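Working notes, beginning with the structure itself.
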Amino acid sequence: MIGNDIVDLIQAAQDSNWKRPRFLDKVFIVEEQQLIGNAKNQHQLVWLLWSMKEAAYKVHVQQFGKRFFNPKRLVCELASETSGIVKIDEEIYFTTSTITNDYIYTVATLEASKVFKSECFEVENSNYHFESKGLKMKFLEIVSKLKKTSIEELQIRKNAVGVPRLFQNNLAIDNGFSFTHHGRFSAWSML
Amino acid sequence: MIKKEELIAKLKTIVQPYIQDEDAFNNLSEETDFINDLKINSANLVDIILDVEDEFDIRIENDDMEKMISVKAAMDIVNEKLAAK
């Protein structure tokens with residue numbers, strides 16, 4: 001299983017004011033807030049920790065099939081600037097992040113140093129419907145090449161908790177993947 | 001107790017700035033899911049919770065927030081908090 005999350009840093013600055021009273025208290029535990037307080041680039045660290053939590057949460061939902069909204073139940077620990085773990089209750093997720101001036105992208109897996117494929121790209125139309133379709137098509141093209149199959153045989157459908165699943169001729173293909181989109185960017189990741 | 005219609009109308013006003021799916025917003029009902037239906041960015045769900053707290057002058061603890069993924073759940077929590085005031 002794999003989960004990913006991208007944060008467009010410019011979009012995030014426009015859409016969310018994390019300096020708003022009580023915002024950080026709702027999202028981060030004391031230790032995480034201390035890391036943010038001590039960071040040179042606080043905006044970057046807020047969204048790095050956020051993307052770690054989101055990516056790990058996506059794996060957790062695939063595992064347990066239950067959605068919830070409680071960012072503080074997901075606890076981040078950084079091992080380096082771009083790698084770390086997220087704990088959700090007794091579960092541990094390993095994260096690898098890419099930080100650029102434009103975006104922060106995190107992939108979470110169940111095992112440390114798990115090999116995965118992944119691609120981030122800039123979208124032409126950030127409207128929800130267009131980017132969602134564009135990302136799916138791009139991903140299906142990759143899968144069709146890897147599996148040497150025609151793209152018409154492949155479909156993506158969401159399950160009851162909103163997790164996308166891959167189907168070939170209406171049969172579920174069990175390989176982990178995850179999609180993410182924010183602002184100017186979309187990304188897919190696959191085990 | 002606040003009327004159901006009034007509560008839905010207030011929640012609708014609160015969520016409007018954050019929605020990404022106009023059709024789902026126009027058809028908003030108790031069953032509407034903030035993320036799956038309205039396509040609200042999860043970071044903005046934090047803003048919605050803070051806006052709800054401000055609007056109704058209540059505080060929503062993390063355990064209550066955990067369920068707040070639909071209009072129905074938000075209504076239940078607001079009613080619960082208002083009743084406890």
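Going by the structure tokens order, chains are called A, B, ..., each with residues numbered from 1, while ligands are numbered from 1 in the order shown.
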Q) Could you pull out the alpha helix (DSSP H) residues of chain B from DSSP and send them as JSON, numbers by chain? A) {"B": [4, 5, 6, 7, 8, 9, 10, 11, 12, 13, 14, 15, 22, 23, 24, 25, 26, 42, 43, 44, 45, 46, 47, 48, 49, 50, 51, 52, 53, 54, 55, 56, 62, 63, 64, 65, 71, 72, 73, 74, 75, 76, 77, 78, 79, 80, 81, 82, 83]}
(Q) as a PyMOL selection string, please: the residues near range 94-98 of chain A (cut-off 7 Å, only C-alpha atoms, same-chain neighbours under 6 positions excluded). (A) chain A and resi 52+82-86+104-112
Q | Interface, chain A side, toward chain B (8 Å; only C-alpha atoms) as a count of residues only | A | 12
Q: Have a look at A:Val163, A:Leu9, A:Leu146, A:Val46 and name the one nearest to Lys66 in chain A; count only C-alpha atoms.
A: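 Of the candidates, the smallest distance to Lys66 in chain A is held by A:Val163.
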Q: Could you please write out, as an MDAnalysis selection string, every residue of range 62-179 of chain A that DSSP assigns to strand (DSSP E)?
A: chainID A and resid 74:78 83:88 91:99 103:109 117:122 154:158 164:168 171:173 177:179
(Q) If I take CA of Glu54 in chain A and CA of Met1 in chain A, how far is one from the other in Å, to one decimal? (A)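 Separating CA of Glu54 in chain A from CA of Met1 in chain A is a distance of 14.1 Å.
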Q. Which residues, written as an MDAnalysis selection string, have at least one atom at most 12 Å from Leu7 in chain B, with only C-alpha atoms counted and residues fewer than 3 positions away on the same chain left out?
A. chainID B and resid 1:4 10:14 29:30 52 55:56 71:72 74:79 82
**Q.** Spatial neighbours of Gln155 in chain A, max dist 7 Å, only C-alpha atoms, sep filter under 4 positions, as a ChimeraX atom specification
**A.** /A:166-168
Q: Name the closest residue to Lys114 in chain A among the candidates A:Tyr57, A:Phe64, A:Asn170, A:Ile2; distances are taken between atoms, counting only C-alpha atoms.
A: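 Closest candidate: A:Ile2.
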**Q.** Contact residues around Met190 in chain A with only C-alpha atoms at 12 Å, ignoring same-chain residues under 5 positions, as a list in words
**A.** Met1, Ile2, Gly3, Asn4, Val107, Ala108, Thr109, Lys114, Val115, Phe116, Lys117, Ser118, Glu119, Phe139, Leu140, Ile142, Val143, Leu146, Arg165, Leu166, Asp174, Asn175, Gly176, Phe177, Ser178, Phe179 and Thr180 of chain A
(Q) Report as a list in words all protein, DNA and RNA residues lying within 9 Å of Lys85 in chain B, evaluated on only C-alpha atoms, omitting residues in the same chain fewer than 4 positions from it. (A)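 Everything that qualifies: Ile58, Glu80 and Lys81 of chain B.
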Q) Out of A:Ala13, A:Ile6, A:Val61, A:Leu35, which residue has the shortest atom-to-atom distance to Phe185 in chain A when counting only C-alpha atoms? A) A:Ile6
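Between CA of Ser186 in chain A and CA of Ser51 in chain A the separation is 13.5 Å.
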Q: Give me the residues within 12 Å of range 38-42 of chain A as a list in words, counting only C-alpha atoms and dropping any in the same chain fewer than 6 places off.
A: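 Non-adjacent residues within range: Leu9, Ala13, Trp18, Lys19, Leu24, Glu31, Glu32, Leu48, Leu49, Glu81, Ile99 and Asn101 of chain A.
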If you keep all heavy atoms, can you produce a file of those selected residues as a short mmCIF file (atom, residue, chain, number, x, y, z; two decimals), in the first residue's frame?
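Saved the output as result.cif:
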```
data_model
loop_
_atom_site.label_atom_id
_atom_site.label_comp_id
_atom_site.auth_asym_id
_atom_site.auth_seq_id
_atom_site.Cartn_x
_atom_site.Cartn_y
_atom_site.Cartn_z
N LEU A 9 2.75 25.13 -2.71
CA LEU A 9 3.07 26.09 -1.64
C LEU A 9 2.44 27.47 -1.86
O LEU A 9 2.09 28.16 -0.90
CB LEU A 9 4.59 26.21 -1.48
CG LEU A 9 5.27 24.98 -0.86
CD1 LEU A 9 6.78 25.09 -0.97
CD2 LEU A 9 4.84 24.79 0.60
N ALA A 13 -0.57 29.05 0.50
CA ALA A 13 -0.48 30.38 1.11
C ALA A 13 -1.73 31.20 0.83
O ALA A 13 -2.17 32.00 1.66
CB ALA A 13 0.77 31.10 0.58
N TRP A 18 -2.35 29.41 8.14
CA TRP A 18 -2.05 28.58 9.32
C TRP A 18 -1.68 29.44 10.53
O TRP A 18 -1.57 28.91 11.64
CB TRP A 18 -0.97 27.55 8.99
CG TRP A 18 0.33 28.11 8.45
CD1 TRP A 18 0.68 28.21 7.14
CD2 TRP A 18 1.42 28.64 9.19
NE1 TRP A 18 1.93 28.77 7.03
CE2 TRP A 18 2.41 29.04 8.27
CE3 TRP A 18 1.67 28.81 10.57
CZ2 TRP A 18 3.62 29.60 8.66
CZ3 TRP A 18 2.89 29.37 10.95
CH2 TRP A 18 3.84 29.76 10.01
N LYS A 19 -1.53 30.76 10.31
CA LYS A 19 -1.25 31.63 11.46
C LYS A 19 -2.54 32.07 12.15
O LYS A 19 -2.51 32.74 13.17
CB LYS A 19 -0.45 32.85 11.00
CG LYS A 19 0.97 32.47 10.62
CD LYS A 19 1.79 33.68 10.23
CE LYS A 19 3.21 33.23 9.89
NZ LYS A 19 3.88 34.19 9.02
N LEU A 24 -3.01 25.90 14.23
CA LEU A 24 -1.92 24.94 14.51
C LEU A 24 -2.32 23.97 15.62
O LEU A 24 -1.96 22.79 15.59
CB LEU A 24 -0.64 25.68 14.87
CG LEU A 24 0.02 26.47 13.72
CD1 LEU A 24 1.31 27.13 14.22
CD2 LEU A 24 0.33 25.60 12.51
N GLU A 31 4.95 18.84 20.16
CA GLU A 31 6.30 18.62 19.62
C GLU A 31 6.40 19.12 18.17
O GLU A 31 7.41 19.69 17.77
CB GLU A 31 6.66 17.13 19.67
CG GLU A 31 6.93 16.59 21.06
CD GLU A 31 5.65 16.24 21.84
OE1 GLU A 31 4.54 16.49 21.33
OE2 GLU A 31 5.77 15.71 22.97
N GLU A 32 5.34 18.88 17.41
CA GLU A 32 5.34 19.35 16.01
C GLU A 32 5.30 20.87 15.96
O GLU A 32 5.98 21.49 15.14
CB GLU A 32 4.13 18.76 15.27
CG GLU A 32 4.20 17.25 15.08
CD GLU A 32 2.87 16.64 14.68
OE1 GLU A 32 1.82 17.29 14.84
OE2 GLU A 32 2.87 15.49 14.21
N LEU A 48 5.15 20.57 5.01
CA LEU A 48 5.85 19.28 4.97
C LEU A 48 5.16 18.30 5.94
O LEU A 48 4.83 17.17 5.57
CB LEU A 48 7.33 19.45 5.35
CG LEU A 48 8.11 18.15 5.57
CD1 LEU A 48 8.21 17.34 4.27
CD2 LEU A 48 9.51 18.43 6.12
N LEU A 49 4.95 18.76 7.18
CA LEU A 49 4.31 17.88 8.17
C LEU A 49 2.88 17.54 7.75
O LEU A 49 2.43 16.41 7.90
CB LEU A 49 4.32 18.55 9.56
CG LEU A 49 5.70 18.82 10.17
CD1 LEU A 49 5.56 19.55 11.50
CD2 LEU A 49 6.52 17.54 10.35
N GLU A 81 15.60 16.07 6.64
CA GLU A 81 14.73 17.11 6.09
C GLU A 81 13.62 16.53 5.22
O GLU A 81 12.56 17.14 5.07
CB GLU A 81 15.55 18.08 5.25
CG GLU A 81 16.09 19.26 6.04
CD GLU A 81 16.91 20.19 5.18
OE1 GLU A 81 16.43 20.55 4.09
OE2 GLU A 81 18.04 20.51 5.58
N ILE A 99 11.05 18.41 -1.63
CA ILE A 99 10.74 19.81 -1.33
C ILE A 99 11.33 20.69 -2.42
O ILE A 99 12.53 20.64 -2.68
CB ILE A 99 11.33 20.22 0.04
CG1 ILE A 99 10.77 19.32 1.15
CG2 ILE A 99 11.04 21.68 0.34
CD1 ILE A 99 11.42 19.53 2.51
N ASN A 101 10.77 24.85 -4.36
CA ASN A 101 10.20 26.16 -4.03
C ASN A 101 8.71 26.21 -4.35
O ASN A 101 7.99 27.04 -3.83
CB ASN A 101 10.91 27.26 -4.82
CG ASN A 101 12.32 27.47 -4.30
OD1 ASN A 101 12.59 27.27 -3.11
ND2 ASN A 101 13.22 27.85 -5.19
#
```
